[in-house]
Amino acid sequence: MTKWIGLLLAVLALAGCGGDDGESAGTGETTASDTLTVYSGREEEIVAPLFERFEEETGIDVEVRYADSAELAATIAEEGDNSPADVFFAQDPGSLGSVDDQLAELPQSVLDRVDEEFRDRDGRWVGTSGRARVIVFNTDELSAAEVPDSVFDLTDPKWKSRIGVAPTNASFQAFVTAMRLDVGDDRTKEWLEALKENDPKFYEKNTPIVEAVAAGEIEVGLVNHYYLYLVKEEQPDAPIENKYLPGDDPGALVSVAGAGILDGAEHADAAERFVEFLLADEQQRFYTEEAEEAEIPLVAGIEPKEGVPTLDELAGRGPDVDLSSFGGELEKTLELLNETGYTS
């Protein structure tokens with residue numbers, strides 16, 4: 001528990017599917033009066049329709065607590081066995097992995113919906129949608145060829161005051177974790193310090209970065225691919241484009257959002273239904289047909305939105321890292337970001 005208290009302090013310092021009714025823990029049945037409590041690190045504007053659909057299909061009320069994924073992970077760690085959460089729906093594998101000792105093992109039938117690369121090796125969480133790291137850029141100012149092929153090139157002085165990052169956001173922290181695991185702490189620290197010398201603009205989340213690129217306030221931003229589509233929904237003519245980095249560059253990380261069920265959850269069976277729901281074909285198609293953000297489906301046979309790479313097309317890109325290992329590294333990443341002045 002000591003390390004989780006440390007994680008909490010670090011974070012504070014930084015700022016299911018249809019089918020037969022299941023059984024709820026302790027009662028032997030799930031009823032419409034059950035209330036499922038979800039801690040969601042996914043933004044409300046993105047995932048609220050999924051919660052509404054689940055309520056409509058199952059009759060189970062869902063209470064959602066929205067916050068940053070790392071903050072919620074620290075809260076779960078602090079609450080321990082007294083956490084009211086049934087499900088942790090997180091933006092990144094690091095947040096899930098940091099509390100994996102408080103998560104229950106998922107049924108194999110749920111895990112098998114997703115390739116092993118995108119789920120916990122011990123079966124305590126499963127990816128629900130994929131996301132690729134990209135450099136979003138302003139097409140009025142730059143061509144794709146002028147955008148670097150590596151995040152390491154962004155330390156060139158010519159990019160001074162032209163870059164946007166979101167240091168307190170879980171997706172940026174996952175990217176830094178991947179870099180640490182790939183090239184080591186020393187080189188990652190050197191890169192963070194060199195990038196800081198280029199006076200990057202800090203944002204709270206990814207969407208404001210993309211909006212700033214569209215407005216010409218900055219020219220490039222380090223984000224997940226799907227935020228471009230969120231902004232394009234509101235600004236169809238925005239001069240923005242994603243550059244997917246080639247090779248094994250840390251800036252080409254392919255990560256996931258995911259979900260896990262709290263061990264001893266009061267509504268364990270309703271929680272299982274919710275995770276199953278997220279991985280059902282209909283909900284996987286939500287990301288391609290209904291959602292504005294165009295995340296990548298993880299279930300075989302569901303194609304992404306036009307213009308978004310498939311998992312097969314992204315195969316081999318990014319650093320060779322195990323997403324399951326991110327949880328144990330999150331605290332070190334937070335410490336490094338604090339040490340290099342990205343957070344305070």
# chains A, B, ... in the order shown; residues from 1 in each chain; ligands from 1
>>> select_by_dssp(residues="segment 109-312 of chain A", states="strand (DSSP E)", output="ChimeraX atom specification")
/A:126-138,163-165,201-202,220-224,240-243,254-261
>>> closest_atom_pairs(of="segment 96-168 of chain A", to="segment 205-223 of chain A", cutoff="6 Å", atoms="only C-alpha atoms", output="CSV")
residue,atom,partner,partner_atom,distance
A:Arg133,CA,A:Val223,CA,5.8
A:Val134,CA,A:Val223,CA,5.8
A:Ile135,CA,A:Leu222,CA,5.0
A:Val136,CA,A:Gly221,CA,5.2
A:Phe137,CA,A:Val220,CA,4.4
A:Asn138,CA,A:Glu219,CA,5.3
A:Arg162,CA,A:Ile218,CA,4.7
A:Ile163,CA,A:Val220,CA,5.1
A:Gly164,CA,A:Gly221,CA,4.5
A:Val165,CA,A:Leu222,CA,5.6
A:Ala166,CA,A:Lys205,CA,5.5
>>> write_last_selection(atoms="all heavy atoms", output="CSV table (one decimal), in the first residue's frame")
chain,number,residue,atom,x,y,z
A,133,ARG,N,-0.2,6.9,-31.4
A,133,ARG,CA,0.4,8.2,-31.2
A,133,ARG,C,0.8,8.8,-32.6
A,133,ARG,O,1.2,8.1,-33.5
A,133,ARG,CB,1.6,8.1,-30.3
A,133,ARG,CG,1.4,7.7,-28.9
A,133,ARG,CD,0.6,8.8,-28.1
A,133,ARG,NE,1.3,10.0,-27.9
A,133,ARG,CZ,0.8,11.0,-27.2
A,133,ARG,NH1,-0.5,11.0,-26.9
A,133,ARG,NH2,1.5,12.1,-27.0
A,134,VAL,N,0.5,10.1,-32.7
A,134,VAL,CA,0.9,10.8,-34.0
A,134,VAL,C,1.4,12.2,-33.7
A,134,VAL,O,1.4,12.6,-32.5
A,134,VAL,CB,-0.4,10.9,-34.9
A,134,VAL,CG1,-1.0,9.6,-35.3
A,134,VAL,CG2,-1.5,11.8,-34.2
A,135,ILE,N,1.9,12.8,-34.7
A,135,ILE,CA,2.2,14.2,-34.7
A,135,ILE,C,1.1,14.9,-35.5
A,135,ILE,O,1.0,14.7,-36.7
A,135,ILE,CB,3.6,14.6,-35.2
A,135,ILE,CG1,4.6,13.9,-34.4
A,135,ILE,CG2,3.7,16.1,-35.3
A,135,ILE,CD1,6.1,14.2,-34.8
A,136,VAL,N,0.2,15.7,-34.9
A,136,VAL,CA,-0.8,16.4,-35.7
A,136,VAL,C,-0.1,17.7,-36.1
A,136,VAL,O,0.6,18.3,-35.3
A,136,VAL,CB,-2.1,16.7,-34.8
A,136,VAL,CG1,-1.8,17.5,-33.6
A,136,VAL,CG2,-3.2,17.3,-35.7
A,137,PHE,N,-0.4,18.1,-37.3
A,137,PHE,CA,0.3,19.3,-37.8
A,137,PHE,C,-0.7,20.2,-38.6
A,137,PHE,O,-1.7,19.8,-39.1
A,137,PHE,CB,1.5,19.0,-38.7
A,137,PHE,CG,1.2,18.2,-40.0
A,137,PHE,CD1,1.1,18.9,-41.2
A,137,PHE,CD2,1.0,16.8,-40.0
A,137,PHE,CE1,0.8,18.2,-42.4
A,137,PHE,CE2,0.8,16.2,-41.1
A,137,PHE,CZ,0.7,16.8,-42.3
A,138,ASN,N,-0.3,21.5,-38.7
A,138,ASN,CA,-1.1,22.5,-39.5
A,138,ASN,C,-0.7,22.4,-40.9
A,138,ASN,O,0.5,22.7,-41.3
A,138,ASN,CB,-0.8,23.9,-38.9
A,138,ASN,CG,-1.7,24.9,-39.5
A,138,ASN,OD1,-1.6,25.2,-40.7
A,138,ASN,ND2,-2.6,25.6,-38.7
A,162,ARG,N,6.9,26.0,-31.2
A,162,ARG,CA,5.9,25.5,-32.3
A,162,ARG,C,5.2,24.2,-31.9
A,162,ARG,O,4.5,23.7,-32.7
A,162,ARG,CB,6.7,25.3,-33.6
A,162,ARG,CG,7.4,26.6,-34.1
A,162,ARG,CD,8.4,26.3,-35.2
A,162,ARG,NE,7.8,25.8,-36.4
A,162,ARG,CZ,8.5,25.4,-37.5
A,162,ARG,NH1,9.9,25.4,-37.4
A,162,ARG,NH2,7.9,25.1,-38.6
A,163,ILE,N,5.5,23.7,-30.7
A,163,ILE,CA,5.1,22.3,-30.3
A,163,ILE,C,4.1,22.4,-29.1
A,163,ILE,O,4.2,23.2,-28.2
A,163,ILE,CB,6.3,21.5,-29.8
A,163,ILE,CG1,7.4,21.5,-30.9
A,163,ILE,CG2,5.9,20.1,-29.5
A,163,ILE,CD1,8.7,21.0,-30.4
A,164,GLY,N,3.1,21.5,-29.1
A,164,GLY,CA,2.1,21.4,-28.0
A,164,GLY,C,2.2,20.0,-27.4
A,164,GLY,O,2.2,19.0,-28.2
A,165,VAL,N,2.2,19.9,-26.1
A,165,VAL,CA,2.1,18.6,-25.4
A,165,VAL,C,1.2,18.8,-24.2
A,165,VAL,O,0.8,19.9,-23.8
A,165,VAL,CB,3.5,18.2,-24.9
A,165,VAL,CG1,4.5,18.0,-26.0
A,165,VAL,CG2,4.1,19.3,-23.9
A,166,ALA,N,0.7,17.6,-23.7
A,166,ALA,CA,-0.2,17.6,-22.5
A,166,ALA,C,0.4,16.7,-21.4
A,166,ALA,O,0.1,15.5,-21.3
A,166,ALA,CB,-1.5,17.0,-22.9
>>> closest_atom_pairs(of="segment 221-256 of chain A", to="segment 85-107 of chain A", cutoff="12 Å", atoms="only C-alpha atoms", output="tab-separated table")
residue	atom	partner	partner_atom	distance
A:Asn224	CA	A:Gln91	CA	10.8
A:Leu253	CA	A:Asp92	CA	11.8
A:Val254	CA	A:Asp92	CA	10.7
A:Ser255	CA	A:Asp92	CA	7.1
A:Val256	CA	A:Asp92	CA	5.8
>>> closest_atom_pairs(of="segment 240-314 of chain A", to="segment 182-195 of chain A", cutoff="10 Å", atoms="only C-alpha atoms", output="tab-separated table")
residue	atom	partner	partner_atom	distance
A:Asp248	CA	A:Asp182	CA	9.3
A:Asp249	CA	A:Asp182	CA	9.1
A:Pro250	CA	A:Asp182	CA	7.5
>>> write_last_selection(atoms="N, CA, C and O atoms", output="compact mmCIF listing (two decimals), in the first residue's frame")
# COMPACT_ATOMS: atom_id res chain seq x y z
N ASP A 248 10.15 2.10 -35.48
CA ASP A 248 9.96 1.76 -34.08
C ASP A 248 10.08 2.97 -33.16
O ASP A 248 10.39 2.84 -31.98
N ASP A 249 9.84 4.14 -33.70
CA ASP A 249 9.94 5.37 -32.92
C ASP A 249 8.95 5.36 -31.76
O ASP A 249 7.81 4.91 -31.92
N PRO A 250 9.34 5.84 -30.56
CA PRO A 250 8.38 5.92 -29.45
C PRO A 250 7.14 6.73 -29.78
O PRO A 250 6.06 6.49 -29.23
>>> residues_around(residues="Tyr226 of chain A", least_positions_apart="4", cutoff="6 Å", atoms="only C-alpha atoms", output="PyMOL selection string")
chain A and resi 293-295
>>> select_by_dssp(residues="segment 99-277 of chain A", states="alpha helix (DSSP H)", output="PyMOL selection string")
chain A and resi 108-111+170-183+185-197+206-215+227-234+268-277
>>> closest_residue(among="A:Leu334, A:Ala145, A:Leu36, A:Ile46", to="Leu230 of chain A", atoms="only C-alpha atoms")
A:Ile46
>>> closest_residue(among="A:Tyr229, A:Ile240, A:Lys160, A:Leu181", to="Glu306 of chain A", atoms="only C-alpha atoms")
A:Tyr229
>>> residues_around(residues="segment 277-282 of chain A", least_positions_apart="6", cutoff="9 Å", atoms="only C-alpha atoms", output="list in words")
Gly16, Cys17, Gly18, Leu50, Phe54, Val110, Arg113, Val114, Gly127, Thr128, Ser129, Ala259, Pro297, Leu298, Val299, Gly301 and Ile302 of chain A
>>> write_last_selection(atoms="N, CA, C and O atoms", output="PDB file, in the first residue's frame")
ATOM      1  N   GLY A  16     -22.052  -3.605 -20.375  1.00  0.00           N
ATOM      2  CA  GLY A  16     -21.424  -4.518 -21.046  1.00  0.00           C
ATOM      3  C   GLY A  16     -22.114  -4.934 -22.287  1.00  0.00           C
ATOM      4  O   GLY A  16     -22.219  -4.161 -23.095  1.00  0.00           O
ATOM      5  N   CYS A  17     -22.615  -6.131 -22.740  1.00  0.00           N
ATOM      6  CA  CYS A  17     -23.345  -6.465 -23.978  1.00  0.00           C
ATOM      7  C   CYS A  17     -24.669  -7.114 -23.651  1.00  0.00           C
ATOM      8  O   CYS A  17     -24.951  -7.444 -22.529  1.00  0.00           O
ATOM      9  N   GLY A  18     -25.509  -7.430 -24.702  1.00  0.00           N
ATOM     10  CA  GLY A  18     -26.794  -8.077 -24.495  1.00  0.00           C
ATOM     11  C   GLY A  18     -26.629  -9.518 -24.092  1.00  0.00           C
ATOM     12  O   GLY A  18     -25.552 -10.050 -24.002  1.00  0.00           O
ATOM     13  N   LEU A  50     -21.960   5.395 -24.799  1.00  0.00           N
ATOM     14  CA  LEU A  50     -21.840   3.974 -24.485  1.00  0.00           C
ATOM     15  C   LEU A  50     -22.542   3.648 -23.172  1.00  0.00           C
ATOM     16  O   LEU A  50     -23.228   2.626 -23.064  1.00  0.00           O
ATOM     17  N   PHE A  54     -25.794   1.146 -22.717  1.00  0.00           N
ATOM     18  CA  PHE A  54     -25.778   0.019 -21.786  1.00  0.00           C
ATOM     19  C   PHE A  54     -26.983   0.072 -20.860  1.00  0.00           C
ATOM     20  O   PHE A  54     -27.623  -0.953 -20.596  1.00  0.00           O
ATOM     21  N   VAL A 110     -14.007 -13.308 -22.321  1.00  0.00           N
ATOM     22  CA  VAL A 110     -13.877 -11.863 -22.523  1.00  0.00           C
ATOM     23  C   VAL A 110     -12.495 -11.543 -23.070  1.00  0.00           C
ATOM     24  O   VAL A 110     -12.344 -10.807 -24.052  1.00  0.00           O
ATOM     25  N   ARG A 113     -11.588 -12.035 -26.831  1.00  0.00           N
ATOM     26  CA  ARG A 113     -12.121 -11.123 -27.849  1.00  0.00           C
ATOM     27  C   ARG A 113     -11.024 -10.229 -28.421  1.00  0.00           C
ATOM     28  O   ARG A 113     -11.173  -9.660 -29.510  1.00  0.00           O
ATOM     29  N   VAL A 114      -9.907 -10.114 -27.685  1.00  0.00           N
ATOM     30  CA  VAL A 114      -8.850  -9.166 -28.040  1.00  0.00           C
ATOM     31  C   VAL A 114      -7.515  -9.897 -28.122  1.00  0.00           C
ATOM     32  O   VAL A 114      -7.245 -10.796 -27.323  1.00  0.00           O
ATOM     33  N   GLY A 127      -8.021  -4.474 -23.316  1.00  0.00           N
ATOM     34  CA  GLY A 127      -8.169  -3.297 -24.148  1.00  0.00           C
ATOM     35  C   GLY A 127      -9.553  -3.246 -24.763  1.00  0.00           C
ATOM     36  O   GLY A 127     -10.126  -4.277 -25.138  1.00  0.00           O
ATOM     37  N   THR A 128     -10.100  -2.047 -24.862  1.00  0.00           N
ATOM     38  CA  THR A 128     -11.435  -1.876 -25.437  1.00  0.00           C
ATOM     39  C   THR A 128     -11.400  -1.112 -26.756  1.00  0.00           C
ATOM     40  O   THR A 128     -12.335  -1.222 -27.551  1.00  0.00           O
ATOM     41  N   SER A 129     -10.364  -0.347 -27.002  1.00  0.00           N
ATOM     42  CA  SER A 129     -10.190   0.349 -28.280  1.00  0.00           C
ATOM     43  C   SER A 129      -8.729   0.752 -28.399  1.00  0.00           C
ATOM     44  O   SER A 129      -8.033   0.930 -27.402  1.00  0.00           O
ATOM     45  N   ALA A 259     -10.455  -1.686 -19.762  1.00  0.00           N
ATOM     46  CA  ALA A 259     -11.333  -1.780 -18.595  1.00  0.00           C
ATOM     47  C   ALA A 259     -10.969  -2.992 -17.756  1.00  0.00           C
ATOM     48  O   ALA A 259     -10.527  -4.020 -18.267  1.00  0.00           O
ATOM     49  N   PRO A 297     -10.991  -0.222 -33.571  1.00  0.00           N
ATOM     50  CA  PRO A 297     -11.578  -1.413 -32.948  1.00  0.00           C
ATOM     51  C   PRO A 297     -10.504  -2.472 -32.698  1.00  0.00           C
ATOM     52  O   PRO A 297      -9.576  -2.636 -33.502  1.00  0.00           O
ATOM     53  N   LEU A 298     -10.638  -3.202 -31.605  1.00  0.00           N
ATOM     54  CA  LEU A 298      -9.675  -4.244 -31.262  1.00  0.00           C
ATOM     55  C   LEU A 298     -10.190  -5.643 -31.558  1.00  0.00           C
ATOM     56  O   LEU A 298      -9.420  -6.604 -31.521  1.00  0.00           O
ATOM     57  N   VAL A 299     -11.469  -5.758 -31.832  1.00  0.00           N
ATOM     58  CA  VAL A 299     -12.075  -7.068 -32.091  1.00  0.00           C
ATOM     59  C   VAL A 299     -11.934  -7.400 -33.573  1.00  0.00           C
ATOM     60  O   VAL A 299     -12.198  -6.555 -34.440  1.00  0.00           O
ATOM     61  N   GLY A 301     -12.390  -8.460 -37.322  1.00  0.00           N
ATOM     62  CA  GLY A 301     -13.507  -8.351 -38.243  1.00  0.00           C
ATOM     63  C   GLY A 301     -14.179  -7.005 -38.266  1.00  0.00           C
ATOM     64  O   GLY A 301     -15.034  -6.762 -39.122  1.00  0.00           O
ATOM     65  N   ILE A 302     -13.827  -6.097 -37.351  1.00  0.00           N
ATOM     66  CA  ILE A 302     -14.409  -4.751 -37.318  1.00  0.00           C
ATOM     67  C   ILE A 302     -13.379  -3.778 -37.868  1.00  0.00           C
ATOM     68  O   ILE A 302     -12.300  -3.602 -37.292  1.00  0.00           O
TER      69      ILE A 302
END
>>> closest_residue(among="A:Glu52, A:Glu141, A:Glu44, A:Glu116", to="Ala67 of chain A", atoms="only C-alpha atoms")
A:Glu44
>>> closest_residue(among="A:Asp320, A:Leu336, A:Gln108, A:Asp68", to="Asp120 of chain A", atoms="only C-alpha atoms")
A:Gln108
